[in-house]
>>> print(open('run04.txt').read())   # compact mmCIF, C-alpha atoms
# COMPACT_ATOMS: atom_id res chain seq x y z
CA CYS A 2 0.00 0.00 0.00
CA TRP A 3 2.69 2.54 1.04
CA PRO A 4 5.03 1.82 -1.87
CA ASN A 5 2.26 2.55 -4.42
CA TYR A 6 1.92 6.13 -3.11
CA ALA A 7 5.58 6.75 -2.25
CA ARG A 8 7.27 5.48 -5.45
CA PRO A 9 5.82 8.09 -7.87
CA VAL A 10 6.69 10.96 -5.49
CA ILE A 11 10.24 9.68 -4.92
CA GLU A 12 10.91 8.98 -8.62
CA ARG A 13 9.24 12.08 -10.13
CA VAL A 14 9.68 14.77 -7.45
CA HIS A 15 12.81 14.12 -5.39
CA PRO A 16 14.55 11.15 -3.68
CA PHE A 17 14.62 13.20 -0.44
CA PHE A 18 10.96 12.19 0.12
CA VAL A 19 12.18 8.69 1.11
CA ILE A 20 13.10 10.15 4.49
CA VAL A 21 9.74 11.92 4.81
CA PHE A 22 7.79 8.75 4.00
CA ALA A 23 10.02 6.62 6.27
CA VAL A 24 9.43 9.00 9.21
CA TYR A 25 5.70 9.17 8.42
CA VAL A 26 5.30 5.37 8.19
CA THR A 27 7.35 4.84 11.35
CA GLY A 28 5.27 7.42 13.23
CA VAL A 29 1.96 5.91 12.09
CA VAL A 30 3.05 2.35 12.92
CA PHE A 31 4.34 3.49 16.34
CA ALA A 32 1.09 5.36 17.08
CA MET A 33 -1.06 2.39 16.02
CA THR A 34 0.97 0.01 18.19
CA ARG A 35 0.58 2.34 21.18
CA ILE A 36 -3.17 2.61 20.61
CA VAL A 37 -3.58 -1.17 20.35
CA SER A 38 -1.42 -1.81 23.42
CA ALA A 39 -3.37 0.85 25.37
CA MET A 40 -6.62 -0.88 24.46
CA PHE A 41 -5.23 -4.23 25.63
CA LEU A 42 -3.98 -2.65 28.85
CA LYS A 43 -7.36 -1.01 29.49
CA GLU A 44 -9.16 -4.32 28.98
CA THR A 45 -6.69 -6.13 31.23
CA LEU A 46 -7.13 -3.58 34.02
CA GLN A 47 -10.91 -3.80 33.72
CA GLN A 48 -10.73 -7.59 34.00
CA ALA A 49 -8.40 -7.32 37.00
CA SER A 50 -10.77 -4.86 38.68
CA HIS A 51 -13.70 -7.11 37.96
CA ALA A 52 -11.76 -10.10 39.31
CA ALA A 53 -10.95 -8.17 42.51
CA GLU A 54 -14.62 -7.26 42.98
CA MET A 55 -15.59 -10.88 42.43
CA MET A 56 -12.97 -11.98 44.95
CA VAL A 57 -14.36 -9.58 47.57
CA LYS A 58 -17.90 -10.80 46.93
CA GLU A 59 -16.78 -14.44 47.16
CA LYS A 60 -14.93 -13.72 50.41
CA ALA A 61 -18.04 -12.05 51.87
CA LEU A 62 -20.18 -15.01 50.80
CA ASP A 63 -17.66 -17.45 52.29
CA THR A 64 -17.72 -15.52 55.56
CA ARG A 65 -21.53 -15.60 55.70
CA VAL A 66 -21.55 -19.34 54.98
CA ILE A 67 -18.92 -20.03 57.64
CA MET A 68 -20.82 -17.97 60.22
CA ALA A 69 -24.04 -19.83 59.40
CA ASP A 70 -22.20 -23.16 59.68
CA LEU A 71 -20.69 -22.11 63.02
CA ARG A 72 -24.13 -21.16 64.34
CA ALA A 73 -25.47 -24.54 63.17
CA LEU A 74 -22.56 -26.29 64.91
CA PHE A 75 -23.32 -24.34 68.08
CA MET A 76 -26.98 -25.33 67.95
CA ALA A 77 -26.03 -28.99 67.42
CA ALA A 78 -23.54 -28.87 70.30
CA ASP A 79 -25.96 -27.12 72.70
CA THR A 80 -27.76 -30.29 73.75
CA ASP A 81 -29.69 -28.77 76.64
CA GLY A 82 -30.88 -25.85 74.49
CA ASP A 83 -30.03 -23.10 77.02
CA GLY A 84 -28.09 -21.04 74.49
CA GLN A 85 -24.79 -21.66 76.30
CA LEU A 86 -22.09 -24.22 75.56
CA THR A 87 -20.47 -25.93 78.51
CA GLN A 88 -17.10 -27.63 78.40
CA ASP A 89 -18.79 -31.06 78.36
CA GLU A 90 -20.98 -30.09 75.40
CA LEU A 91 -17.97 -28.75 73.47
CA THR A 92 -15.92 -31.84 74.28
CA ARG A 93 -18.78 -34.07 73.10
CA VAL A 94 -19.17 -32.29 69.77
CA LEU A 95 -15.39 -32.23 69.25
CA SER A 96 -15.29 -36.00 69.70
CA PHE A 97 -16.67 -36.28 66.16
CA GLU A 98 -13.87 -36.54 63.60
CA LYS A 99 -15.86 -34.62 60.98
CA VAL A 100 -16.22 -31.60 63.29
CA ARG A 101 -12.49 -31.60 64.14
CA LEU A 102 -11.59 -31.86 60.46
CA TRP A 103 -13.94 -29.00 59.52
CA LEU A 104 -12.54 -26.78 62.26
CA GLY A 105 -9.04 -27.80 61.16
CA LYS A 106 -9.89 -26.72 57.64
CA LEU A 107 -10.80 -23.31 59.10
CA GLY A 108 -7.39 -23.24 60.78
CA VAL A 109 -8.68 -23.88 64.32
CA ASP A 110 -6.86 -26.56 66.32
CA ALA A 111 -9.65 -28.64 67.86
CA ASN A 112 -7.52 -31.52 69.13
CA ASP A 113 -7.48 -30.18 72.70
CA PRO A 114 -11.10 -29.42 73.72
CA GLU A 115 -10.12 -28.02 77.13
CA ALA A 116 -7.66 -25.52 75.65
CA LEU A 117 -10.16 -24.53 72.97
CA PHE A 118 -12.86 -24.03 75.62
CA GLU A 119 -10.54 -21.74 77.58
CA LEU A 120 -9.94 -19.69 74.44
CA LEU A 121 -13.64 -19.42 73.67
CA ASP A 122 -14.80 -18.71 77.24
CA VAL A 123 -14.05 -14.99 77.11
CA ASN A 124 -16.08 -14.18 80.24
CA CYS A 125 -14.43 -16.98 82.27
CA ASP A 126 -17.86 -18.04 83.53
CA GLY A 127 -17.72 -21.66 82.37
CA SER A 128 -20.06 -21.22 79.40
CA ILE A 129 -19.93 -19.84 75.87
CA SER A 130 -22.77 -17.93 74.23
CA SER A 131 -23.64 -18.39 70.56
CA GLU A 132 -22.24 -15.00 69.53
CA ALA A 133 -19.06 -15.49 71.57
CA PHE A 134 -18.60 -18.91 69.95
CA VAL A 135 -19.01 -17.57 66.41
CA THR A 136 -16.88 -14.47 67.04
CA CYS A 137 -14.04 -16.30 68.77
CA VAL A 138 -13.88 -19.17 66.27
CA LYS A 139 -13.87 -16.58 63.49
CA ARG A 140 -10.93 -14.84 65.21
CA LEU A 141 -9.13 -18.15 65.66
CA LYS A 142 -9.74 -18.98 62.02
CA GLY A 143 -6.75 -18.50 59.83
CA GLU A 144 -3.05 -18.37 60.33
CA ALA A 145 -1.30 -19.86 63.31
CA ARG A 146 -0.22 -16.37 64.40
CA ALA A 147 -3.83 -15.40 65.13
CA GLN A 148 -4.37 -18.57 67.12
CA ASP A 149 -1.21 -17.91 69.10
CA LEU A 150 -2.31 -14.35 69.95
CA ILE A 151 -5.77 -15.29 71.24
CA PRO A 152 -4.41 -16.89 74.47
CA VAL A 153 -2.31 -13.78 75.08
CA VAL A 154 -5.37 -11.55 74.70
CA HIS A 155 -7.34 -13.92 76.95
CA ASP A 156 -4.63 -13.82 79.62
CA CYS A 157 -4.44 -10.02 79.38
CA LYS A 158 -8.18 -9.78 79.99
CA GLN A 159 -7.83 -12.00 83.07
CA ILE A 160 -4.92 -9.90 84.34
CA LEU A 161 -6.95 -6.74 83.81
CA HIS A 162 -9.86 -8.28 85.73
CA HIS A 163 -7.50 -9.15 88.63
CA CYS A 164 -5.98 -5.65 88.57
CA LYS A 165 -9.42 -4.08 88.80
CA ALA A 166 -10.25 -6.34 91.76
CA LEU A 167 -6.96 -5.40 93.45
CA ARG A 168 -7.62 -1.71 92.88
CA GLU A 169 -11.06 -2.05 94.44
CA ASP A 170 -9.60 -3.93 97.43
CA HIS A 171 -6.92 -1.25 97.84
CA LYS A 172 -9.54 1.48 97.73
CA ASN A 173 -11.64 -0.29 100.39
CA LEU A 174 -8.60 -0.81 102.63
CA SER A 175 -7.62 2.86 102.30
CA ILE A 176 -11.11 3.95 103.32
CA LEU A 177 -11.06 1.54 106.24
CA LEU A 178 -7.67 2.81 107.44
CA LYS A 179 -8.81 6.45 107.21
CA HIS A 180 -11.84 5.67 109.33
CA LYS A 181 -9.65 3.82 111.79
CA GLU A 182 -7.29 6.83 112.09
CA GLN A 183 -10.16 9.24 112.67
CA GLU A 184 -11.59 7.24 115.58
CA PRO A 185 -10.27 8.40 118.96
CA GLU A 186 -8.07 6.03 120.91
CA PRO A 187 -9.87 4.41 123.86
CA GLU A 188 -6.99 5.27 126.28
CA SER A 189 -7.09 8.96 125.32
CA LEU A 190 -10.78 9.09 126.19
CA LEU A 191 -10.13 7.67 129.64
CA ARG A 192 -7.45 10.23 130.50
CA ASP A 193 -9.67 13.21 129.79
>>> encode(input="run04.txt", output="structure tokens")
Amino acid sequence: CWPNYARPVIERVHPFFVIVFAVYVTGVVFAMTRIVSAMFLKETLQQASHAAEMMVKEKALDTRVIMADLRALFMAADTDGDGQLTQDELTRVLSFEKVRLWLGKLGVDANDPEALFELLDVNCDGSISSEAFVTCVKRLKGEARAQDLIPVVHDCKQILHHCKALREDHKNLSILLKHKEQEPEPESLLRD
């Protein structure tokens, strides 16, 4: 196509037009390549954005399904129907291999029911509510680092509870000592 238009100009007008046509053809080819590559890049970025949105939606759906499954597991484990899991109920449900495998798939180590109960019993009252069960298992779910941090957080909460109790005891003792200091000595009353 290009030689048909360029040859008559080069042969009849001047050979210098070879340079003009070479620069023109190079410029047009370069521009067309840039346009085509930009279109491919735009399409690729759109697909990547769409894939990221789909991934977020899938993750949200997975989370909802896991939470529903955890609630169903809680209901199955709560044999007395009081809405609280005891250590015996948790141990009984964890005796099933399928339950341990499913929790293992979530990244929760369910091989030691007593240790798991301690992690889930955030109030230290010997029972676990449905929401506490779902929330704590969801926190335990995942990498080993998260599961290692949960006992630390649990211990910190217990330490904080003990510190508050100590502070209250200290306050009561201080009040008691102040009252004791303000009372007159029995011997000083007798002398007067």
>>> closest_residue(input="run04.txt", among="A:His155, A:Lys179, A:His51, A:Lys99", to="Glu119 in chain A", atoms="only C-alpha atoms")
A:His155
>>> residues_around(input="run04.txt", residues="Ala78 in chain A", least_positions_apart="5", cutoff="9 Å", atoms="all atoms listed in the file", output="list in words")
Ala73, Leu86, Glu90, Leu91, Arg93, Val94 and Leu95 of chain A
>>> atom_distance(input="run04.txt", atom1="CA of Leu104 in chain A", atom2="CA of Leu71 in chain A")
9.4 Å
>>> closest_residue(input="run04.txt", among="A:Ser131, A:Gly105, A:Ser50, A:Glu169", to="Ala77 in chain A", atoms="all atoms listed in the file")
A:Ser131
>>> atom_distance(input="run04.txt", atom1="CA of Leu120 in chain A", atom2="CA of Thr136 in chain A")
11.4 Å
>>> residues_around(input="run04.txt", residues="range 21-25 of chain A", least_positions_apart="6", cutoff="12 Å", atoms="only C-alpha atoms", output="PDB file with C-alpha atoms, keeping the file's coordinate frame")
ATOM      1  CA  TRP A   3       2.690   2.540   1.040  1.00  0.00           C
ATOM      2  CA  PRO A   4       5.030   1.820  -1.870  1.00  0.00           C
ATOM      3  CA  ASN A   5       2.260   2.550  -4.420  1.00  0.00           C
ATOM      4  CA  TYR A   6       1.920   6.130  -3.110  1.00  0.00           C
ATOM      5  CA  ALA A   7       5.580   6.750  -2.250  1.00  0.00           C
ATOM      6  CA  ARG A   8       7.270   5.480  -5.450  1.00  0.00           C
ATOM      7  CA  VAL A  10       6.690  10.960  -5.490  1.00  0.00           C
ATOM      8  CA  ILE A  11      10.240   9.680  -4.920  1.00  0.00           C
ATOM      9  CA  HIS A  15      12.810  14.120  -5.390  1.00  0.00           C
ATOM     10  CA  PHE A  31       4.340   3.490  16.340  1.00  0.00           C
ATOM     11  CA  ALA A  32       1.090   5.360  17.080  1.00  0.00           C
TER      12      ALA A  32
END
>>> residues_around(input="run04.txt", residues="range 100-103 of chain A", least_positions_apart="3", cutoff="12 Å", atoms="all atoms listed in the file", output="list in words")
Ile67, Asp70, Leu71, Ala73, Leu74, Phe75, Ala77, Ala78, Leu91, Thr92, Arg93, Val94, Leu95, Ser96, Phe97, Lys106, Leu107, Gly108, Val109, Asp110, Ala111, Asn112, Asp113, Pro114, Leu117, Val138 and Lys142 of chain A
>>> atom_distance(input="run04.txt", atom1="CA of Val66 in chain A", atom2="CA of Leu141 in chain A")
16.4 Å
>>> closest_residue(input="run04.txt", among="A:Gly127, A:Asp122, A:Leu174, A:Glu184", to="Lys158 in chain A", atoms="only C-alpha atoms")
A:Asp122
>>> closest_residue(input="run04.txt", among="A:Gln183, A:Pro152, A:Lys139, A:Asn124", to="Ala69 in chain A", atoms="only C-alpha atoms")
A:Lys139
>>> decode(input="run04.txt", residues="range 147-170 of chain A", atoms="N, CA and C atoms", output="compact mmCIF listing (two decimals), in the first residue's frame")
# COMPACT_ATOMS: atom_id res chain seq x y z
N ALA A 147 -2.60 -15.86 64.48
CA ALA A 147 -3.83 -15.40 65.13
C ALA A 147 -4.18 -16.32 66.29
N GLN A 148 -4.03 -17.62 66.07
CA GLN A 148 -4.37 -18.57 67.12
C GLN A 148 -3.39 -18.46 68.28
N ASP A 149 -2.18 -18.08 68.03
CA ASP A 149 -1.21 -17.91 69.10
C ASP A 149 -1.48 -16.64 69.89
N LEU A 150 -2.05 -15.62 69.26
CA LEU A 150 -2.31 -14.35 69.95
C LEU A 150 -3.56 -14.40 70.83
N ILE A 151 -4.51 -15.23 70.48
CA ILE A 151 -5.77 -15.29 71.24
C ILE A 151 -5.51 -15.65 72.71
N PRO A 152 -4.66 -16.65 73.03
CA PRO A 152 -4.41 -16.89 74.47
C PRO A 152 -3.79 -15.70 75.17
N VAL A 153 -2.94 -14.96 74.47
CA VAL A 153 -2.31 -13.78 75.08
C VAL A 153 -3.38 -12.73 75.41
N VAL A 154 -4.28 -12.50 74.47
CA VAL A 154 -5.37 -11.55 74.70
C VAL A 154 -6.25 -12.04 75.86
N HIS A 155 -6.53 -13.34 75.88
CA HIS A 155 -7.34 -13.92 76.95
C HIS A 155 -6.67 -13.72 78.30
N ASP A 156 -5.37 -14.00 78.37
CA ASP A 156 -4.63 -13.82 79.62
C ASP A 156 -4.59 -12.36 80.03
N CYS A 157 -4.44 -11.46 79.06
CA CYS A 157 -4.44 -10.02 79.38
C CYS A 157 -5.77 -9.59 79.98
N LYS A 158 -6.86 -10.13 79.44
CA LYS A 158 -8.18 -9.78 79.99
C LYS A 158 -8.30 -10.28 81.43
N GLN A 159 -7.78 -11.48 81.70
CA GLN A 159 -7.83 -12.00 83.07
C GLN A 159 -6.97 -11.14 84.00
N ILE A 160 -5.79 -10.75 83.53
CA ILE A 160 -4.92 -9.90 84.34
C ILE A 160 -5.59 -8.56 84.62
N LEU A 161 -6.24 -8.00 83.62
CA LEU A 161 -6.95 -6.74 83.81
C LEU A 161 -8.07 -6.90 84.83
N HIS A 162 -8.79 -8.01 84.77
CA HIS A 162 -9.86 -8.28 85.73
C HIS A 162 -9.28 -8.36 87.15
N HIS A 163 -8.14 -9.05 87.31
CA HIS A 163 -7.50 -9.15 88.63
C HIS A 163 -7.00 -7.79 89.10
N CYS A 164 -6.45 -6.99 88.21
CA CYS A 164 -5.98 -5.65 88.57
C CYS A 164 -7.13 -4.76 89.05
N LYS A 165 -8.26 -4.86 88.37
CA LYS A 165 -9.42 -4.08 88.80
C LYS A 165 -9.87 -4.52 90.18
N ALA A 166 -9.86 -5.83 90.44
CA ALA A 166 -10.25 -6.34 91.76
C ALA A 166 -9.26 -5.86 92.81
N LEU A 167 -7.97 -5.88 92.50
CA LEU A 167 -6.96 -5.40 93.45
C LEU A 167 -7.12 -3.91 93.73
N ARG A 168 -7.42 -3.14 92.70
CA ARG A 168 -7.62 -1.71 92.88
C ARG A 168 -8.82 -1.45 93.80
N GLU A 169 -9.88 -2.21 93.59
CA GLU A 169 -11.06 -2.05 94.44
C GLU A 169 -10.75 -2.44 95.89
N ASP A 170 -10.00 -3.52 96.07
CA ASP A 170 -9.60 -3.93 97.43
C ASP A 170 -8.73 -2.87 98.08
